[in-house]
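Below: one structure, written as structure tokens.
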Amino acid sequence: MSVRTHSADTATELTSVDAAIDLLAARAGAHESDPTTAQRAAAMVRDSIHEFQSIQGELTGALVASHDRILAMKSLAQINVQGIASDQSIGLLLEKALALTSSTLVVLFDGGAVAATAGDTDDLAASTAIALRGIADAPNDLLRNAAADSAMICTLDPDGQAERYVGFFRPGRPFSTTDIPLIEAVVSALGLMLAFTELHKRELAQAAVEREHQLASALAQSVITDRPPKSASIDIFAKTVPASLTGGDFYVFGQTDGSIWFAVGDVAGKGLPAAMLMTRAVAACRVAFLAHRDASVVDVFARIEDELFDHLDDAGVFITMAVGVVTEKGRSVSIVNAGHSPLLRVSAGNAETIGPSVPPLGVVRHRIPTVTSFVLEGDDCLVIGSDGLAEQSDPSGAMFGYSPFRDLCLTAPSMSSTAFGTSVFDVLRDFAAGSPASDDSTLVVLRGAAVQQ
Amino acid sequence: MIIRTESGPSLSIVHLVGRFDAHEAEGFRRTVEPLLSAEHNVLRLDLSQVAFVDSTALAELVRLQKAAKALSGEVILVELSDPVRVILEITDLAGIFTTESTSAESP
């Protein structure tokens, strides 16, 4: 810096502060009796200026260091966003912590063991011993100093269940109270990011479980065939809608020589657990239908019960089920009801409930059901539903009801089984008005095929 | 559903109030199952204020009855509400329980 001074007729160029002080001291000395007084004053001014310059340099250095740390903290925070799913993210976090605190070693401890490190690991064993001793001495502290203040051991996620700590080691440069705010900030950021990483891992695991659940549900539901058997004389509708991905409702058919066996059932319970038993029930019915095609309905029911009872008893659940057979030639129906509803024989203007004669399968063994037999004459229909139909709720929580369902079935003889079945689900959908199904819904309708469509 | 239990030296009675469905089954089991023991093998369930029972809840009642029978005891259903009575009839499960009411008692 140069300064131009002005007097009455001259101008002197000054190239430094020292030159300016010298000029002032010389001019002041010319008017003093003791010239050394001006020189001592000049020396004092020079010393003060040098002190200010030194302080300014230190302040600038501190500001630069502070700015660097802010940038480092920013990059530390960005690791979470950019690399949370990466296996390297924890390593990056520790590297940043190492740089921020000017440590020679940073160690992440998980459950008393070294989980990750950054920096010089030559003295890792000794540093680990220092850290574990510090934790043992003060287990409830959040920050602990050790090794003559050359180590700081901090608790990560103090409210969490995981015992995680991070140790900062700086031999020869003890940590001081001025380091603590930075250490706390770094620990806080590390804890937060590790919590996010943990959460992310849990979400991935949960997503994997959900995918497996969806797959298992789809597989379970796939045991129910989409289409009922085709027959020249019997018009059949069958549909099941699980309340969630899968459920315990089912229907199963077995077409043998001139006869169609059928079963409609409902495993108590919901979702995949009920569906697992449902698949077993479907298999048991198919085997019974094919292996005992010439047996009576009671015998077939007994075979199904024999196959399922112990499993149901162990699981503490039961299956309501209607099992029957209809001959294609004579449309003669024989059916047994084990605690299932609704089950209706519908003719013009009349819907007769076929009540249960035995409790559901899995409750009491070896009860012999009563067989109900009749012929599907004219427009007569056999309607087998599940409780999810009659118990469908509307937005106010009111149930559709068994009696209205019976009234609804009075329309069955006037249309094909498919038209009637579709109309039932439409009516219930309108009744629900957006309310979710509380249970699986299943409907099977059998009637003579030669009807007005 | 509200579950209120009364346990005495020789008698346990459980009062249920509200809807008894799949959502309540686990809480019911957790609360009621511990009341059964070799010494307390008879349990009364007051169902007078149960508004709805679904098949999952029925399965819980059947499971409890089996557990009581295994201890040479039984579950007695007291004061059936209409919805409970209907569902027990249409599933043919009424016969596996003893039912009691203030006006009459049936085996």
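Ordered as shown in the structure tokens, chains take letters A, B, and onward, while each chain numbers its residues from 1 and ligands are numbered from 1 in the order shown.
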Determine which residues of chain A sit within 12 Å of chain B, taking into account only C-alpha atoms, and present them as JSON, numbers by chain.
{"A": [248, 249, 265, 266, 267, 268, 269, 270, 271, 273, 274, 312, 313, 314, 315, 316, 317, 318, 319, 320, 321, 322, 337, 338, 339, 340, 341, 342, 343, 353, 354, 355, 356, 357, 358, 359, 360, 361, 362, 363, 364, 365, 367, 369, 386, 387, 388, 390, 391, 392, 393, 397, 398, 399, 401, 402, 403, 438, 439, 440]}
I'd like the neighbourhood of range 254-262 of chain A as an NGL selection string, where a residue qualifies if any of its atoms comes within 7 Å (using only C-alpha atoms), though same-chain residues fewer than 2 positions away should be ignored.
:A and (229 or 252 or 264 or 286 or 289-290 or 293 or 323-329)
Shell around Ala38 in chain B at 10 Å using only C-alpha atoms, local window under 4 positions removed, as a list in words:
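Here the answer would be Val42, Ala68, Ala70, Leu71, Ser72 and Gly73 of chain B.
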From a backbone DSSP assignment, name each residue in range 105-157 of chain A labelled helix (DSSP H, G or I), as number ranges by chain.
A: 124-137
For the selection you just gave me, I'd like the residues written to a file as an mmCIF file, in the first residue's frame, keeping N, CA and C atoms.
data_model
loop_
_atom_site.group_PDB
_atom_site.id
_atom_site.type_symbol
_atom_site.label_atom_id
_atom_site.label_comp_id
_atom_site.auth_asym_id
_atom_site.auth_seq_id
_atom_site.Cartn_x
_atom_site.Cartn_y
_atom_site.Cartn_z
ATOM 1 N N LEU A 124 -4.681 -50.156 16.049
ATOM 2 C CA LEU A 124 -6.118 -50.433 16.212
ATOM 3 C C LEU A 124 -6.393 -51.229 17.490
ATOM 4 N N ALA A 125 -5.560 -52.251 17.763
ATOM 5 C CA ALA A 125 -5.806 -53.091 18.945
ATOM 6 C C ALA A 125 -5.737 -52.264 20.221
ATOM 7 N N ALA A 126 -4.703 -51.422 20.321
ATOM 8 C CA ALA A 126 -4.560 -50.591 21.520
ATOM 9 C C ALA A 126 -5.683 -49.577 21.616
ATOM 10 N N SER A 127 -6.051 -49.005 20.473
ATOM 11 C CA SER A 127 -7.136 -48.017 20.465
ATOM 12 C C SER A 127 -8.457 -48.666 20.854
ATOM 13 N N THR A 128 -8.656 -49.895 20.357
ATOM 14 C CA THR A 128 -9.888 -50.614 20.702
ATOM 15 C C THR A 128 -9.958 -50.869 22.203
ATOM 16 N N ALA A 129 -8.823 -51.278 22.758
ATOM 17 C CA ALA A 129 -8.788 -51.539 24.200
ATOM 18 C C ALA A 129 -9.103 -50.272 24.983
ATOM 19 N N ILE A 130 -8.561 -49.151 24.548
ATOM 20 C CA ILE A 130 -8.824 -47.863 25.215
ATOM 21 C C ILE A 130 -10.326 -47.553 25.160
ATOM 22 N N ALA A 131 -10.888 -47.752 23.963
ATOM 23 C CA ALA A 131 -12.310 -47.418 23.786
ATOM 24 C C ALA A 131 -13.204 -48.311 24.640
ATOM 25 N N LEU A 132 -12.973 -49.620 24.598
ATOM 26 C CA LEU A 132 -13.835 -50.534 25.341
ATOM 27 C C LEU A 132 -13.718 -50.317 26.846
ATOM 28 N N ARG A 133 -12.517 -49.969 27.282
ATOM 29 C CA ARG A 133 -12.334 -49.667 28.710
ATOM 30 C C ARG A 133 -13.106 -48.401 29.078
ATOM 31 N N GLY A 134 -13.028 -47.420 28.202
ATOM 32 C CA GLY A 134 -13.749 -46.158 28.455
ATOM 33 C C GLY A 134 -15.254 -46.364 28.510
ATOM 34 N N ILE A 135 -15.746 -47.217 27.619
ATOM 35 C CA ILE A 135 -17.192 -47.504 27.608
ATOM 36 C C ILE A 135 -17.589 -48.247 28.882
ATOM 37 N N ALA A 136 -16.745 -49.215 29.283
ATOM 38 C CA ALA A 136 -17.055 -49.994 30.490
ATOM 39 C C ALA A 136 -17.037 -49.112 31.726
ATOM 40 N N ASP A 137 -16.110 -48.139 31.754
ATOM 41 C CA ASP A 137 -16.000 -47.258 32.931
ATOM 42 C C ASP A 137 -17.174 -46.294 33.036
#
Could you check how far CA of Gly91 in chain A sits from CA of Val166 in chain A, in Å to one decimal?
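Calculated distance between CA of Gly91 in chain A and CA of Val166 in chain A is 12.5 Å.
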Tell me, as a ChimeraX atom specification, which residues lie within 9 Å of Ala284 in chain A, counting only C-alpha atoms; anything in the same chain fewer than 2 positions away does not count.
/A:279-282,286-289,303-305,307-308
Residues from the last selection, N, CA and C atoms, saved as a compact mmCIF listing (two decimals), in the first residue's frame:
# COMPACT_ATOMS: atom_id res chain seq x y z
N THR A 279 -55.61 -74.59 0.61
CA THR A 279 -55.00 -75.40 -0.46
C THR A 279 -55.04 -76.88 -0.09
N ARG A 280 -54.85 -77.16 1.19
CA ARG A 280 -54.90 -78.55 1.65
C ARG A 280 -56.32 -79.11 1.50
N ALA A 281 -57.30 -78.27 1.82
CA ALA A 281 -58.70 -78.70 1.72
C ALA A 281 -59.07 -78.97 0.26
N VAL A 282 -58.61 -78.09 -0.63
CA VAL A 282 -58.90 -78.28 -2.06
C VAL A 282 -58.30 -79.60 -2.55
N ARG A 286 -60.29 -82.87 -4.03
CA ARG A 286 -60.03 -83.42 -5.37
C ARG A 286 -59.72 -84.91 -5.29
N VAL A 287 -58.87 -85.26 -4.33
CA VAL A 287 -58.51 -86.67 -4.17
C VAL A 287 -59.75 -87.49 -3.83
N ALA A 288 -60.57 -86.99 -2.92
CA ALA A 288 -61.78 -87.72 -2.52
C ALA A 288 -62.74 -87.86 -3.70
N PHE A 289 -62.88 -86.81 -4.49
CA PHE A 289 -63.80 -86.86 -5.64
C PHE A 289 -63.35 -87.90 -6.66
N ARG A 303 -64.08 -89.09 3.94
CA ARG A 303 -62.68 -89.15 3.46
C ARG A 303 -62.02 -87.77 3.57
N ILE A 304 -62.76 -86.75 3.22
CA ILE A 304 -62.22 -85.38 3.32
C ILE A 304 -61.92 -85.04 4.79
N GLU A 305 -62.84 -85.41 5.64
CA GLU A 305 -62.64 -85.13 7.07
C GLU A 305 -61.43 -85.88 7.61
N GLU A 307 -58.83 -86.75 6.08
CA GLU A 307 -57.60 -86.13 5.57
C GLU A 307 -57.29 -84.82 6.31
N LEU A 308 -58.32 -84.11 6.70
CA LEU A 308 -58.09 -82.74 7.19
C LEU A 308 -58.16 -82.58 8.71
Counting only C-alpha atoms, what is within 7 Å of Ser81 in chain B, bar same-chain residues fewer than 3 positions away, as a list of chain:residue names?
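Near neighbours after the sequence-gap exclusion: B:Leu47, B:Ser48, B:Gln49, B:Val50, B:Val84, B:Arg85.
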Residue selection dump (N, CA and C atoms) as a compact mmCIF listing (two decimals), in the first residue's frame:
# COMPACT_ATOMS: atom_id res chain seq x y z
N LEU B 47 -71.91 -63.53 26.72
CA LEU B 47 -71.97 -63.02 25.35
C LEU B 47 -73.21 -62.16 25.12
N SER B 48 -73.80 -61.68 26.19
CA SER B 48 -75.06 -60.94 26.05
C SER B 48 -74.89 -59.63 25.30
N GLN B 49 -73.68 -59.08 25.30
CA GLN B 49 -73.48 -57.79 24.64
C GLN B 49 -72.54 -57.89 23.44
N VAL B 50 -72.52 -59.07 22.85
CA VAL B 50 -71.71 -59.24 21.63
C VAL B 50 -72.60 -58.97 20.41
N VAL B 84 -75.11 -63.91 18.16
CA VAL B 84 -74.31 -65.08 18.53
C VAL B 84 -75.15 -66.34 18.38
N ARG B 85 -76.41 -66.27 18.83
CA ARG B 85 -77.27 -67.44 18.75
C ARG B 85 -77.45 -67.87 17.28
Expressed in Å to a single decimal, how great is the separation between CA of Arg44 in chain B and CA of Ile3 in chain B?
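Going from CA of Arg44 in chain B over to CA of Ile3 in chain B covers 12.7 Å.
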As an exercise, work out the distance from CA of Ser217 in chain A to CA of Thr422 in chain A in Å and give it to one decimal place.
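Taking CA of Ser217 in chain A and CA of Thr422 in chain A, their separation equals 24.4 Å.
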